[in-house]
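As provided, coords.csv (CSV, C-alpha atoms and all ligand atoms) reads as follows.
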chain,number,residue,atom,x,y,z
A,1,MET,CA,235.8,77.2,279.7
A,2,THR,CA,237.2,78.7,282.8
A,3,TRP,CA,235.5,78.2,286.2
A,4,TRP,CA,234.2,81.7,286.0
A,5,GLU,CA,232.7,81.3,282.5
A,6,SER,CA,231.0,78.1,283.9
A,7,LEU,CA,229.7,80.1,286.8
A,8,VAL,CA,228.3,82.8,284.4
A,9,VAL,CA,226.5,80.1,282.5
A,10,GLU,CA,225.0,78.8,285.7
A,11,LEU,CA,224.0,82.3,286.8
A,12,GLU,CA,222.4,83.0,283.5
A,13,ARG,CA,220.4,79.8,283.8
A,14,PHE,CA,219.5,80.3,287.4
A,15,PHE,CA,218.6,84.0,287.4
A,16,ARG,CA,217.7,85.2,284.0
A,17,GLY,CA,218.7,82.6,281.5
A,18,ALA,CA,215.7,82.7,279.2
A,19,GLU,CA,215.5,86.5,279.2
A,20,VAL,CA,219.3,87.0,278.6
A,21,ALA,CA,219.3,84.4,275.9
A,22,ALA,CA,216.3,86.1,274.2
A,23,GLY,CA,218.0,89.5,274.4
A,24,VAL,CA,215.2,90.9,276.6
A,25,THR,CA,216.3,93.8,278.8
A,26,VAL,CA,215.7,93.3,282.5
A,27,PRO,CA,215.1,96.5,284.4
A,28,TYR,CA,218.1,97.3,286.5
A,29,ASP,CA,216.1,97.5,289.7
A,30,GLN,CA,214.8,94.0,289.2
A,31,LEU,CA,218.2,92.4,288.8
A,32,PRO,CA,219.3,90.2,291.8
A,33,ASP,CA,222.2,91.2,294.1
A,34,PRO,CA,225.7,89.9,293.3
A,35,PRO,CA,226.3,86.3,294.3
A,36,THR,CA,229.6,87.1,296.0
A,37,PRO,CA,231.3,90.2,297.5
A,38,GLU,CA,233.1,92.4,294.9
A,39,PRO,CA,236.5,91.0,294.2
A,40,PRO,CA,239.1,93.7,295.1
A,41,ALA,CA,240.6,96.0,292.4
A,42,ASP,CA,244.4,95.9,291.8
A,43,THR,CA,245.6,99.5,291.8
A,44,SER,CA,249.3,98.9,291.3
A,45,LEU,CA,251.2,100.1,288.2
A,46,ALA,CA,253.7,97.4,288.9
A,47,SER,CA,251.2,94.7,288.0
A,48,LEU,CA,250.9,96.0,284.4
A,49,ARG,CA,252.8,94.4,281.5
A,50,PRO,CA,256.4,95.4,282.3
A,51,ASP,CA,257.1,97.4,279.2
A,52,LEU,CA,254.0,99.5,279.9
A,53,VAL,CA,254.9,100.6,283.4
A,54,PRO,CA,256.9,103.6,282.2
A,55,VAL,CA,254.2,104.3,279.5
A,56,PHE,CA,251.5,104.7,282.1
A,57,GLN,CA,253.8,106.5,284.5
A,58,ASN,CA,254.4,109.0,281.7
A,59,LEU,CA,250.6,109.2,281.1
A,60,GLU,CA,250.0,109.9,284.8
A,61,ASP,CA,252.6,112.7,284.8
A,62,ARG,CA,251.1,114.3,281.7
A,63,LEU,CA,247.5,114.0,283.0
A,64,SER,CA,248.4,115.4,286.4
A,65,VAL,CA,249.9,118.5,284.9
A,66,THR,CA,247.3,119.0,282.1
A,67,LEU,CA,244.3,118.4,284.4
A,68,ALA,CA,245.6,120.5,287.2
A,69,ALA,CA,245.7,123.5,284.8
A,70,VAL,CA,241.9,123.2,284.4
A,71,GLY,CA,241.1,122.4,288.1
A,72,TRP,CA,241.0,118.6,288.0
A,73,GLY,CA,243.0,116.0,289.9
A,74,LEU,CA,243.7,112.3,289.0
A,75,ARG,CA,243.1,109.2,291.1
A,76,ARG,CA,244.1,105.7,289.9
A,77,LEU,CA,241.2,103.2,290.3
A,78,GLU,CA,242.3,99.9,288.7
A,79,THR,CA,245.1,98.3,286.7
A,80,ARG,CA,245.3,94.6,286.0
A,81,ARG,CA,242.2,92.3,286.5
A,82,ASN,CA,242.0,88.6,287.0
A,83,ASP,CA,239.2,86.3,285.7
A,84,THR,CA,237.3,86.5,288.9
A,85,ARG,CA,237.0,90.3,289.0
A,86,GLN,CA,236.5,90.7,285.2
A,87,GLY,CA,233.7,88.2,285.3
A,88,TRP,CA,232.1,89.8,288.3
A,89,LEU,CA,232.2,93.2,286.5
A,90,TRP,CA,230.8,91.7,283.4
A,91,GLY,CA,227.8,90.5,285.4
A,92,ILE,CA,227.0,94.0,286.6
A,93,GLY,CA,224.1,95.4,284.7
A,94,ARG,CA,223.5,92.0,283.0
A,95,LEU,CA,222.9,89.4,285.7
A,96,TYR,CA,223.0,91.4,288.9
A,97,LYS,CA,223.3,94.9,290.4
A,98,ALA,CA,225.7,96.4,292.9
A,99,PRO,CA,225.8,99.5,295.1
A,100,GLY,CA,226.9,102.6,293.1
A,101,ARG,CA,226.7,100.8,289.7
A,102,ASP,CA,223.7,101.1,287.5
A,103,GLY,CA,224.4,99.4,284.2
A,104,ILE,CA,226.9,97.5,282.0
A,105,VAL,CA,230.5,98.5,282.8
A,106,THR,CA,232.4,96.2,280.5
A,107,ASP,CA,231.9,94.1,277.5
A,108,VAL,CA,234.8,91.7,278.4
A,109,LYS,CA,233.8,88.5,280.2
A,110,THR,CA,237.2,87.0,281.0
A,111,ALA,CA,240.8,88.1,281.7
A,112,ARG,CA,241.7,88.1,277.9
A,113,GLY,CA,240.7,91.8,277.7
A,114,PRO,CA,243.0,94.8,278.0
A,115,HIS,CA,242.9,94.9,281.8
A,116,GLY,CA,243.5,91.1,282.0
A,117,GLU,CA,246.5,91.5,279.8
A,118,GLY,CA,247.9,94.3,281.9
A,119,ARG,CA,247.7,97.0,279.3
A,120,ALA,CA,244.9,99.2,280.6
A,121,VAL,CA,244.3,101.5,283.6
A,122,ASP,CA,241.1,103.2,284.9
A,123,TYR,CA,241.2,106.6,286.5
A,124,ALA,CA,238.7,108.8,288.4
A,125,TYR,CA,238.9,112.6,287.8
A,126,VAL,CA,238.1,114.6,290.8
A,127,PRO,CA,238.2,118.4,291.6
A,128,TYR,CA,241.8,119.4,292.3
A,129,ASN,CA,240.5,121.5,295.2
A,130,PRO,CA,237.7,119.8,297.1
A,131,GLY,CA,234.4,121.7,297.0
A,132,THR,CA,235.1,123.3,293.7
A,133,SER,CA,233.2,122.6,290.5
A,134,PRO,CA,235.7,122.8,287.6
A,135,SER,CA,234.4,122.6,284.0
A,136,GLU,CA,233.7,119.1,282.6
A,137,ALA,CA,234.1,120.5,279.1
A,138,ASP,CA,237.6,121.6,280.0
A,139,LEU,CA,238.3,118.2,281.5
A,140,ASN,CA,237.2,116.4,278.3
A,141,THR,CA,239.3,118.7,276.1
A,142,ALA,CA,242.3,118.1,278.4
A,143,LEU,CA,241.8,114.3,278.3
A,144,ALA,CA,241.5,114.3,274.5
A,145,SER,CA,244.7,116.4,274.1
A,146,VAL,CA,246.7,114.0,276.3
A,147,ALA,CA,245.3,111.0,274.3
A,148,ALA,CA,246.5,112.7,271.1
A,149,GLU,CA,250.0,113.4,272.6
A,150,THR,CA,250.6,110.0,274.0
A,151,GLY,CA,249.0,107.9,271.3
A,152,LEU,CA,247.2,105.8,274.0
A,153,THR,CA,243.5,104.9,273.5
A,154,TRP,CA,241.2,106.8,275.7
A,155,GLY,CA,237.8,105.4,276.5
A,156,GLY,CA,236.1,108.7,276.2
A,157,GLN,CA,236.5,108.2,272.5
A,158,PHE,CA,234.9,104.8,272.2
A,159,HIS,CA,231.5,103.3,273.1
A,160,LEU,CA,230.6,100.2,275.1
A,161,SER,CA,227.7,98.0,273.9
A,162,SER,CA,225.5,100.0,276.2
A,163,GLY,CA,226.1,103.1,274.1
A,164,ASP,CA,228.0,104.8,276.9
A,165,THR,CA,231.6,106.0,276.6
A,166,ASP,CA,234.2,104.8,279.2
A,167,PRO,CA,236.2,108.0,280.0
A,168,ALA,CA,237.9,106.3,283.0
A,169,HIS,CA,239.6,103.9,280.7
A,170,TRP,CA,243.1,104.2,279.0
A,171,GLU,CA,244.7,101.4,277.1
A,172,SER,CA,247.8,100.5,275.1
A,173,ALA,CA,247.9,98.2,272.1
B,1,ZN,ZN,239.0,100.1,281.9
Rewrite the structure of this file - the entire thing - as structure tokens.
Ligand SMILES: [Zn+2]
Amino acid sequence: MTWWESLVVELERFFRGAEVAAGVTVPYDQLPDPPTPEPPADTSLASLRPDLVPVFQNLEDRLSVTLAAVGWGLRRLETRRNDTRQGWLWGIGRLYKAPGRDGIVTDVKTARGPHGEGRAVDYAYVPYNPGTSPSEADLNTALASVAAETGLTWGGQFHLSSGDTDPAHWESA
């Protein structure tokens, strides 16, 4: 068990252990605040698995062109994650809440997941021209077309345990 997994066990016991263990849903507004500041996100492509750096560079090139055609721009949010950050994110929506987040954001508790292995990147999609409101349906069509072209897995096409999709997320095998 890593130090972070030990901490999660302690947090579950301290805050909500009985409820979490019993599978009882705790209302989001009743969750406690995070026990530590948010560990920072790594946004560098260079921290990915080396063979995937050109793969994600190619993905970004394709996304930039395809999204711009329908009025959207691309912003890279996060690449590789360490145990500390993955565990902190796992706790969001389960053990504690954080500003701007209102539910489960990942089903992975430790760095053994796709971000921990350096084979996933998260992006934000923003209007190409600030103040405009491009079509979200066009955005989703464009994202799905790039997923089909590149063969990468796009999170808009799978579901987290919460039932939500994860459209920010792209990953390689
Ligand atoms: Zn992700």
**OP:** Please give me, as number ranges by chain, the residues lying within 9 Å of ligand ZN 1 (chain B) when counting all atoms listed in the file.
**Re:** A: 78-79, 105-106, 114-115, 120-123, 155, 166-171
Keeping C-alpha atoms, export the residues of the selection given above as a PDB file, keeping the file's coordinate frame.
ATOM      1  CA  GLU A  78     242.300  99.900 288.700  1.00  0.00           C
ATOM      2  CA  THR A  79     245.100  98.300 286.700  1.00  0.00           C
ATOM      3  CA  VAL A 105     230.500  98.500 282.800  1.00  0.00           C
ATOM      4  CA  THR A 106     232.400  96.200 280.500  1.00  0.00           C
ATOM      5  CA  PRO A 114     243.000  94.800 278.000  1.00  0.00           C
ATOM      6  CA  HIS A 115     242.900  94.900 281.800  1.00  0.00           C
ATOM      7  CA  ALA A 120     244.900  99.200 280.600  1.00  0.00           C
ATOM      8  CA  VAL A 121     244.300 101.500 283.600  1.00  0.00           C
ATOM      9  CA  ASP A 122     241.100 103.200 284.900  1.00  0.00           C
ATOM     10  CA  TYR A 123     241.200 106.600 286.500  1.00  0.00           C
ATOM     11  CA  GLY A 155     237.800 105.400 276.500  1.00  0.00           C
ATOM     12  CA  ASP A 166     234.200 104.800 279.200  1.00  0.00           C
ATOM     13  CA  PRO A 167     236.200 108.000 280.000  1.00  0.00           C
ATOM     14  CA  ALA A 168     237.900 106.300 283.000  1.00  0.00           C
ATOM     15  CA  HIS A 169     239.600 103.900 280.700  1.00  0.00           C
ATOM     16  CA  TRP A 170     243.100 104.200 279.000  1.00  0.00           C
ATOM     17  CA  GLU A 171     244.700 101.400 277.100  1.00  0.00           C
TER      18      GLU A 171
END
**OP:** Counting all atoms listed in the file, note down every residue that has an atom within 12 Å of the point (236.0, 110.4, 274.6) (file coordinates), as an MDAnalysis selection string.
**Re:** chainID A and resid 137 139:148 153:160 164:170
Output C-alpha atoms for every residue in that selection, as a CSV table (one decimal), in the coordinates of the input.
chain,number,residue,atom,x,y,z
A,137,ALA,CA,234.1,120.5,279.1
A,139,LEU,CA,238.3,118.2,281.5
A,140,ASN,CA,237.2,116.4,278.3
A,141,THR,CA,239.3,118.7,276.1
A,142,ALA,CA,242.3,118.1,278.4
A,143,LEU,CA,241.8,114.3,278.3
A,144,ALA,CA,241.5,114.3,274.5
A,145,SER,CA,244.7,116.4,274.1
A,146,VAL,CA,246.7,114.0,276.3
A,147,ALA,CA,245.3,111.0,274.3
A,148,ALA,CA,246.5,112.7,271.1
A,153,THR,CA,243.5,104.9,273.5
A,154,TRP,CA,241.2,106.8,275.7
A,155,GLY,CA,237.8,105.4,276.5
A,156,GLY,CA,236.1,108.7,276.2
A,157,GLN,CA,236.5,108.2,272.5
A,158,PHE,CA,234.9,104.8,272.2
A,159,HIS,CA,231.5,103.3,273.1
A,160,LEU,CA,230.6,100.2,275.1
A,164,ASP,CA,228.0,104.8,276.9
A,165,THR,CA,231.6,106.0,276.6
A,166,ASP,CA,234.2,104.8,279.2
A,167,PRO,CA,236.2,108.0,280.0
A,168,ALA,CA,237.9,106.3,283.0
A,169,HIS,CA,239.6,103.9,280.7
A,170,TRP,CA,243.1,104.2,279.0
Original post:
Which residue, A:Val108, A:Arg119, A:Thr84, A:Glu149, has the smallest gap to A:Pro54 when you use all atoms listed in the file?
Top reply: A:Arg119
Subject >> Selected residue of minimal separation from A:Gly91 among A:Leu77, A:Ile104, A:Leu152, A:Leu59, counting all atoms listed in the file >> reply: A:Ile104
Original post:
To one decimal place, how far is atom CA of A:Ser135 from atom CA of A:Arg75 in Å?
Top reply: 17.5 Å
Original post:
When you draw a straight line from atom CA of A:Arg101 to atom CA of A:Leu89, how long is it in Å?
Top reply: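 Atom CA of A:Leu89 lies 9.9 Å from atom CA of A:Arg101.
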Original post:
What is the atom CA of A:Gly118 to atom CA of A:Ile92 distance in Å?
Top reply: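 Interatomic distance here is 21.4 Å.
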Contacts of A:Asp29 within 12 Å, only C-alpha atoms, excl. fewer than 6 positions in-chain, as a PDB file with C-alpha atoms, in the coordinates of the input:
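The resulting selection_35.pdb:
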ATOM      1  CA  ILE A  92     227.000  94.000 286.600  1.00  0.00           C
ATOM      2  CA  GLY A  93     224.100  95.400 284.700  1.00  0.00           C
ATOM      3  CA  ARG A  94     223.500  92.000 283.000  1.00  0.00           C
ATOM      4  CA  LEU A  95     222.900  89.400 285.700  1.00  0.00           C
ATOM      5  CA  TYR A  96     223.000  91.400 288.900  1.00  0.00           C
ATOM      6  CA  LYS A  97     223.300  94.900 290.400  1.00  0.00           C
ATOM      7  CA  ALA A  98     225.700  96.400 292.900  1.00  0.00           C
ATOM      8  CA  PRO A  99     225.800  99.500 295.100  1.00  0.00           C
ATOM      9  CA  ARG A 101     226.700 100.800 289.700  1.00  0.00           C
ATOM     10  CA  ASP A 102     223.700 101.100 287.500  1.00  0.00           C
ATOM     11  CA  GLY A 103     224.400  99.400 284.200  1.00  0.00           C
TER      12      GLY A 103
END
Original post:
Of the candidates A:Ser64, A:Thr110, A:Ser161, A:Gln86, which one gets nearest to A:Pro127 if we count all atoms listed in the file?
Top reply: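 Smallest separation from A:Pro127 among the options: A:Ser64.
Nearest to A:Leu63 of all the residues A:Val26, A:Ala124, A:Ala173, A:Ala46 is A:Ala124, counting all atoms listed in the file.
Remark: for A:Ser47, the closest of the candidate residues A:Gly73, A:Gly151, A:Gly116, A:Gly100 is A:Gly116 (distances computed over all atoms listed in the file).
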